[in-house]
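Contents: one structure, followed by commentary.
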Amino acid sequence: MFSGFMVNTWTVATIVAVVAGVVGFFVVLRGSAFVADALPTGAFAGAAGASLIGVNTLVGLGVFSLAGALGIGWLGRRGRHDVATALTLVLMLGLGALFLSFSVEYAPEIYSLLFGEVLGISVNEVAPVAALGAVCVVAIMVMFRPLMLASVMPELGEARGVRSYRIEMYFLVVIALATSMALPVVGALLIFSLMIGPPAAARSVTDDPYLAMALSVVIAMGTVWAAIAASYASNWPVGFFVGMIGAFCYGAGRGWAAWRRTRVGHGATSTALAR
Amino acid sequence: MTERQPYVSSDEVLAVDGISVWLSGREILHDVRFSLRRGQFAGLIGSNGAGKTTLLRVILGLTAPTAGDVRIGGEPRARRSGGVGYVPQKIQLDPDMPLRARDLVGLGLDGHRFGIPLPSRSRRRLVEEMLRAVGAEKFGDARVGNLSGGEQQRVLIAHALISGPKLLLLDEPLANLDIRSEQEVVSLLARIAKEQQVAVLLSAHEINPLLPVMDRVVYLAAGRAASGTASEVVRTEVLSELYGHHVDVIRVHDRLLVVAGRADEPGAPVSHDDAAPVARAW
Ligand SMILES: Nc1ncnc2c1ncn2[C@@H]1O[C@H](COP(=O)(O)OP(=O)(O)OP(=O)(O)O)[C@@H](O)[C@H]1O
Ligand SMILES: [Mg+2]
């Protein structure tokens with residue numbers, strides 16, 4: 001389980017988990033879960049298009065997720081964000097449907113793009129994933145405070161000279177990068193669950209933003225490792241385990257938060273003062 | 001520039017000079033001018049839609065005026081430069097957000113900077129000091145989204161003050177506060193203005209809670225402004241001129257009432273949408 005090509009699997013899965021934990025922390029904080037769902041799903045259409053015209057699927061992924069991110073940002077500038085996201089997603093999926101109708105013979109490859117191929121990663125996939133992952137994490141660390149301020153209350157950021165539109169675009173591009181990086185490995189559906197479950201769980205456990213981000217990374221790593229091990233042992237798809245464990249983490253986090261609230265509530269007049 | 005040279009004093013913190021703002025083809029503000037000096041506490045009074053938020057956004061550099069200019073500390077207002085603290089009107093803090101009051105105050109110091117802050121003793125001490133200055137030390141470790149409206153107000157004041165601005169703008173901080181918290185926040189701000197020599201400009205619907213501490217009034221009505229001390233501005237002649245129709249200013253005990261129409265006319269309305277932002281009859 002730890003030998004041969006499985007080493008690549010562990011390495012890449014760990015990188016993906018770190019990126020998902022870091023980027024996902026802000027995805028959840030900003031309430032951009034829908035974007036994190038739409039970008040990988042729509043980018044998958046790009047991969048289908050690329051394989052149709054005989055280009056590397058990674059290029060199709062990159063182009064579509066980047067175009068999707070910019071589209072969401074641009075459309076969302078005036079209108080509602082969820083509508084902008086839905087519109088972009090619909091456009092990309094429409095194209096995807098067309099591409100797929102032309103290329104039925106690629107079905108297995110498409111399937112692996114949706115659900116990932118985490119158990120079959122080759123050694124030359126490790127370096128690009130590591131490089132893109134590093135870019136994502138560094139980008140988030142660099143813009144941590146302005147992004148935080150703009151996410152907490154955009155007006156506070158604006159008053160301090162943080163341009164929320166620029167920050168938003170920047171962040172969307174990071175989500176697009178993370179998507180292109182992780183999608184061929186864990187699949188369009190899994191990257192999303194990994195970006196939402198662990199950060200959502202982490203933030204119900206702690207009030208400290210830095211700790212919450214670290215915890216989100218730890219939970220994401222735990223989720224992926226456990227899922228790979230379980231998949232290896234049972235031969236069930238990794239995606240099934242990632243989805244289940246992610247949802248379980250979130251549930252456990254909420255349960256923990258509720259339990260903490262009732263405990264704090266006893267013998268204190270105010271939750272705020274008691275902590 | 002006109003030939004009229006504005007009066008510039010060395011402790012002038014804010015000069016609003018002939019500001020006009022048009023939005024969507026409507027003139028929202030017309031030739032607004034006033035200035036504030038260090039340590040002055042000013043009330044920006046006006047009814048709903050009078051243009052208070054618009055004026056504060058112009059001062060912040062977030063809305064571009066159609067005419068006129070704003071100077072801060074004698075310097076022309078550079079777009080999005082620091083030096084001004086701001087507490088917005090709508091405070092929306094998500095209770096699910098992992099962010100403690102002290103984190104939000106800290107972001108007031110360096111939230112615009114890149115990178116993550118290194119743990120530093122002096123930064124921590126400054127945050128602690130600021131929390132204490134606004135009476136928020138008891139809930140410094142609480143999640144901001146869970147705090148009450150009044151508590152969040154204090155945390156945001158600390159957030160706005162920690163970078164040591166010369167000017168503090170607050171947009172209706174007294175809305176949603178009960179009378180006791182209202183008085184506490186007003187006297188807190190008045191004390192901060194005096195102790196830290198910050199010019200405070202606070203917008204409100206009502207003038208009365210501010211009367212005991214206010215050095216200046218900027219009164220907005222019908223897109224225009226009158227400014228001066230309360231006794232200079234809140235007078236029947238001045239406000240009638242500003243509104244463009246007759247209003248009466250009545251003093252009842254220590255409270256001021258602005259009443260539309262002539263008080264001696266039978267059936268005169270006691271309050272009018274446009275003319276009774278200053279005080280209500282109860
Ligand atoms: N972006 C905009 N486009 C068009 N009109 C605007 C815009 N922003 C504000 N207005 C108009 O300008 C006027 C003043 O608005 P503003 O928000 O400054 O009022 P306010 O005094 O803060 O009111 P309130 O007490 O309700 O907060 C309103 O009539 C409003 O409709
Ligand atoms: Mg307003």
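Chain lettering (A, B, ...) mirrors the order of the structure tokens, residue numbering begins at 1 for each chain separately, and ligand numbering begins at 1 in order of display.
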
message: Near chain A, meaning an atom within 9 Å, which residues of chain B appear when counting only C-alpha atoms? Write them as a VMD selection string.
response: chain B and resid 57 60 to 62 79 to 88 91 to 94 96 to 100 103 to 104 107 to 108 110 to 117 138 to 144 146 to 148 160

- prompt: Mind checking DSSP for segment 18-87 of chain B and telling me the strand (DSSP E or B) residues as number ranges by chain?
  reply: B: 18-23, 26-37, 41-45, 67-72, 75-76, 84-87

For the selection just defined, write its residues with N, CA and C atoms to a file, as a CSV table (one decimal), in the first residue's frame.
chain,number,residue,atom,x,y,z
B,18,GLY,N,-16.8,72.8,-1.1
B,18,GLY,CA,-17.7,72.9,-2.3
B,18,GLY,C,-18.0,71.6,-2.9
B,19,ILE,N,-18.3,70.5,-2.1
B,19,ILE,CA,-18.6,69.2,-2.7
B,19,ILE,C,-20.0,69.1,-3.3
B,20,SER,N,-20.1,68.7,-4.5
B,20,SER,CA,-21.3,68.4,-5.1
B,20,SER,C,-21.2,67.0,-5.7
B,21,VAL,N,-22.3,66.2,-5.5
B,21,VAL,CA,-22.3,64.8,-6.0
B,21,VAL,C,-23.6,64.6,-6.8
B,22,TRP,N,-23.4,64.1,-8.0
B,22,TRP,CA,-24.5,63.6,-8.8
B,22,TRP,C,-24.5,62.1,-8.9
B,23,LEU,N,-25.6,61.4,-8.6
B,23,LEU,CA,-25.6,60.0,-8.8
B,23,LEU,C,-26.9,59.7,-9.6
B,26,ARG,N,-29.1,62.5,-10.6
B,26,ARG,CA,-29.7,63.3,-9.5
B,26,ARG,C,-28.7,64.0,-8.7
B,27,GLU,N,-28.9,65.2,-8.3
B,27,GLU,CA,-27.9,65.9,-7.5
B,27,GLU,C,-28.2,65.5,-6.0
B,28,ILE,N,-27.3,64.8,-5.4
B,28,ILE,CA,-27.5,64.3,-4.1
B,28,ILE,C,-27.0,65.3,-3.1
B,29,LEU,N,-25.8,65.9,-3.4
B,29,LEU,CA,-25.2,66.9,-2.5
B,29,LEU,C,-24.9,68.1,-3.3
B,30,HIS,N,-25.1,69.3,-2.8
B,30,HIS,CA,-24.9,70.5,-3.5
B,30,HIS,C,-24.0,71.5,-2.7
B,31,ASP,N,-22.8,71.7,-3.2
B,31,ASP,CA,-21.9,72.7,-2.6
B,31,ASP,C,-21.8,72.6,-1.1
B,32,VAL,N,-21.4,71.4,-0.6
B,32,VAL,CA,-21.3,71.2,0.8
B,32,VAL,C,-19.9,71.6,1.2
B,33,ARG,N,-19.8,72.5,2.3
B,33,ARG,CA,-18.5,72.9,2.7
B,33,ARG,C,-18.5,73.0,4.3
B,34,PHE,N,-17.5,72.5,4.9
B,34,PHE,CA,-17.2,72.7,6.3
B,34,PHE,C,-15.8,72.2,6.6
B,35,SER,N,-15.4,72.5,7.8
B,35,SER,CA,-14.1,71.9,8.2
B,35,SER,C,-14.1,71.5,9.6
B,36,LEU,N,-13.1,70.6,9.9
B,36,LEU,CA,-13.0,70.1,11.3
B,36,LEU,C,-11.6,70.2,11.8
B,37,ARG,N,-11.4,70.5,13.1
B,37,ARG,CA,-10.1,70.5,13.6
B,37,ARG,C,-9.8,69.4,14.5
B,41,PHE,N,-15.5,67.1,17.9
B,41,PHE,CA,-16.6,66.1,17.8
B,41,PHE,C,-17.7,66.7,17.0
B,42,ALA,N,-18.0,66.2,15.8
B,42,ALA,CA,-19.0,66.8,15.0
B,42,ALA,C,-20.1,65.8,14.7
B,43,GLY,N,-21.4,66.3,14.6
B,43,GLY,CA,-22.5,65.5,14.2
B,43,GLY,C,-22.9,65.8,12.8
B,44,LEU,N,-23.1,64.8,12.0
B,44,LEU,CA,-23.6,65.0,10.7
B,44,LEU,C,-25.1,64.6,10.7
B,45,ILE,N,-26.0,65.6,10.7
B,45,ILE,CA,-27.4,65.3,11.0
B,45,ILE,C,-28.2,65.4,9.7
B,67,ALA,N,-18.1,67.8,-8.1
B,67,ALA,CA,-17.3,69.1,-8.0
B,67,ALA,C,-16.8,69.2,-6.6
B,68,GLY,N,-15.8,70.0,-6.4
B,68,GLY,CA,-15.3,70.3,-5.1
B,68,GLY,C,-14.2,69.3,-4.7
B,69,ASP,N,-13.5,69.6,-3.6
B,69,ASP,CA,-12.5,68.7,-3.1
B,69,ASP,C,-12.5,68.5,-1.6
B,70,VAL,N,-11.8,67.5,-1.2
B,70,VAL,CA,-11.7,67.2,0.2
B,70,VAL,C,-10.2,67.2,0.6
B,71,ARG,N,-9.9,67.8,1.6
B,71,ARG,CA,-8.5,67.8,2.1
B,71,ARG,C,-8.4,67.2,3.5
B,72,ILE,N,-7.5,66.3,3.7
B,72,ILE,CA,-7.3,65.7,5.0
B,72,ILE,C,-5.9,66.1,5.5
B,75,GLU,N,-3.8,68.0,3.1
B,75,GLU,CA,-3.4,67.3,1.9
B,75,GLU,C,-4.6,67.0,1.1
B,76,PRO,N,-4.6,67.1,-0.3
B,76,PRO,CA,-5.7,66.7,-1.1
B,76,PRO,C,-6.0,65.2,-0.9
B,84,VAL,N,-7.7,57.6,7.8
B,84,VAL,CA,-9.1,57.9,8.2
B,84,VAL,C,-9.7,56.6,8.7
B,85,GLY,N,-10.3,56.6,9.9
B,85,GLY,CA,-11.0,55.4,10.4
B,85,GLY,C,-12.4,55.5,10.0
B,86,TYR,N,-13.0,54.4,9.8
B,86,TYR,CA,-14.4,54.3,9.3
B,86,TYR,C,-15.2,53.2,9.9
B,87,VAL,N,-16.3,53.5,10.4
B,87,VAL,CA,-17.3,52.5,10.9
B,87,VAL,C,-18.5,52.6,10.0

Within 7 Å of ligand 2, counting only C-alpha atoms and all ligand atoms: which residues, as a PDB file with N, CA and C atoms, in the first residue's frame?
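The resulting file, pocket_11.pdb, is reproduced below:
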ATOM      1  N   ASN B  48     -33.393  60.279   6.558  1.00  0.00           N
ATOM      2  CA  ASN B  48     -33.099  59.195   5.618  1.00  0.00           C
ATOM      3  C   ASN B  48     -32.964  59.748   4.211  1.00  0.00           C
ATOM      4  N   GLY B  49     -31.909  59.365   3.536  1.00  0.00           N
ATOM      5  CA  GLY B  49     -31.735  59.807   2.158  1.00  0.00           C
ATOM      6  C   GLY B  49     -31.188  61.215   2.017  1.00  0.00           C
ATOM      7  N   GLY B  51     -28.218  62.125   2.404  1.00  0.00           N
ATOM      8  CA  GLY B  51     -26.897  62.093   1.776  1.00  0.00           C
ATOM      9  C   GLY B  51     -25.749  61.945   2.762  1.00  0.00           C
ATOM     10  N   LYS B  52     -26.048  61.478   3.969  1.00  0.00           N
ATOM     11  CA  LYS B  52     -24.990  61.329   4.980  1.00  0.00           C
ATOM     12  C   LYS B  52     -23.964  60.297   4.555  1.00  0.00           C
ATOM     13  N   THR B  53     -24.462  59.120   4.177  1.00  0.00           N
ATOM     14  CA  THR B  53     -23.540  58.065   3.767  1.00  0.00           C
ATOM     15  C   THR B  53     -22.741  58.494   2.542  1.00  0.00           C
ATOM     16  N   GLN B  89     -22.247  51.915   8.139  1.00  0.00           N
ATOM     17  CA  GLN B  89     -23.608  51.941   8.673  1.00  0.00           C
ATOM     18  C   GLN B  89     -24.145  50.528   8.909  1.00  0.00           C
ATOM     19  N   ASP B 171     -20.802  56.031  10.602  1.00  0.00           N
ATOM     20  CA  ASP B 171     -22.082  56.199   9.924  1.00  0.00           C
ATOM     21  C   ASP B 171     -23.196  55.605  10.776  1.00  0.00           C
TER      22      ASP B 171
END

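Comparing the minimum interatomic distances between ligand 1 and each of B:Val234, B:Ala204, B:Leu167, B:Ala226, counting only C-alpha atoms and all ligand atoms, we find that B:Ala204 sits nearest.
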
Find the residues around Gly120 of chain A up to 12 Å (only C-alpha atoms counted), leave out those fewer than 6 positions away in its own chain, and share them as an mmCIF file with N, CA and C atoms, in the first residue's frame.
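Full text of result_27.cif as output:
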data_model
loop_
_atom_site.group_PDB
_atom_site.id
_atom_site.type_symbol
_atom_site.label_atom_id
_atom_site.label_comp_id
_atom_site.auth_asym_id
_atom_site.auth_seq_id
_atom_site.Cartn_x
_atom_site.Cartn_y
_atom_site.Cartn_z
ATOM 1 N N GLY A 4 5.939 1.391 -4.426
ATOM 2 C CA GLY A 4 5.800 1.615 -5.858
ATOM 3 C C GLY A 4 4.991 2.839 -6.205
ATOM 4 N N PHE A 5 4.050 2.685 -7.126
ATOM 5 C CA PHE A 5 3.320 3.845 -7.638
ATOM 6 C C PHE A 5 2.438 4.470 -6.551
ATOM 7 N N MET A 6 2.180 3.740 -5.470
ATOM 8 C CA MET A 6 1.348 4.294 -4.403
ATOM 9 C C MET A 6 2.013 5.479 -3.712
ATOM 10 N N VAL A 7 3.353 5.515 -3.777
ATOM 11 C CA VAL A 7 4.053 6.657 -3.174
ATOM 12 C C VAL A 7 3.612 7.948 -3.864
ATOM 13 N N ASN A 8 3.507 7.894 -5.178
ATOM 14 C CA ASN A 8 3.033 9.073 -5.914
ATOM 15 C C ASN A 8 1.631 9.461 -5.466
ATOM 16 N N THR A 9 0.802 8.451 -5.292
ATOM 17 C CA THR A 9 -0.567 8.710 -4.862
ATOM 18 C C THR A 9 -0.592 9.441 -3.525
ATOM 19 N N TRP A 10 0.170 8.926 -2.573
ATOM 20 C CA TRP A 10 0.195 9.583 -1.249
ATOM 21 C C TRP A 10 0.703 11.011 -1.363
ATOM 22 N N VAL A 12 0.808 13.129 -3.991
ATOM 23 C CA VAL A 12 -0.091 14.034 -4.695
ATOM 24 C C VAL A 12 -1.358 14.298 -3.876
ATOM 25 N N ALA A 13 -1.888 13.249 -3.276
ATOM 26 C CA ALA A 13 -3.098 13.419 -2.481
ATOM 27 C C ALA A 13 -2.846 14.375 -1.314
ATOM 28 N N SER A 112 -12.993 9.443 -15.503
ATOM 29 C CA SER A 112 -11.919 9.634 -14.535
ATOM 30 C C SER A 112 -11.729 11.120 -14.213
ATOM 31 N N VAL A 126 3.650 14.266 -10.503
ATOM 32 C CA VAL A 126 3.896 14.826 -9.173
ATOM 33 C C VAL A 126 4.427 16.255 -9.244
ATOM 34 N N PRO A 184 -7.488 16.545 -12.396
ATOM 35 C CA PRO A 184 -7.126 15.273 -13.019
ATOM 36 C C PRO A 184 -6.801 14.206 -11.974
ATOM 37 N N VAL A 185 -6.443 14.660 -10.778
ATOM 38 C CA VAL A 185 -6.019 13.712 -9.758
ATOM 39 C C VAL A 185 -7.204 13.190 -8.950
ATOM 40 N N VAL A 186 -7.985 14.123 -8.406
ATOM 41 C CA VAL A 186 -9.073 13.673 -7.534
ATOM 42 C C VAL A 186 -10.444 13.824 -8.184
ATOM 43 N N ILE A 228 -8.023 7.057 0.916
ATOM 44 C CA ILE A 228 -7.169 6.222 0.064
ATOM 45 C C ILE A 228 -6.959 4.850 0.700
ATOM 46 N N TYR A 232 -8.181 1.441 -0.926
ATOM 47 C CA TYR A 232 -7.198 0.404 -1.241
ATOM 48 C C TYR A 232 -7.633 -0.932 -0.643
ATOM 49 N N VAL A 238 -12.401 5.874 -4.369
ATOM 50 C CA VAL A 238 -11.899 6.860 -3.409
ATOM 51 C C VAL A 238 -12.944 7.945 -3.178
#

message: At a cut-off of 7 Å, using only C-alpha atoms, what residues contact segment 213-220 of chain B? Leave out same-chain residues fewer than 2 positions from it and give the result as a list of chain:residue names.
response: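 Selected residues are B:Gln40, B:Phe41, B:Ala42, B:Gly43, B:Leu44, B:Ile45, B:Gly46, B:Ala50, B:Ala190, B:Leu210, B:Leu211, B:Ala222, B:Gly223, B:Arg224, B:Ala225, B:Ala226, B:Ser227, B:Gly228, B:Thr229, B:Ala230.
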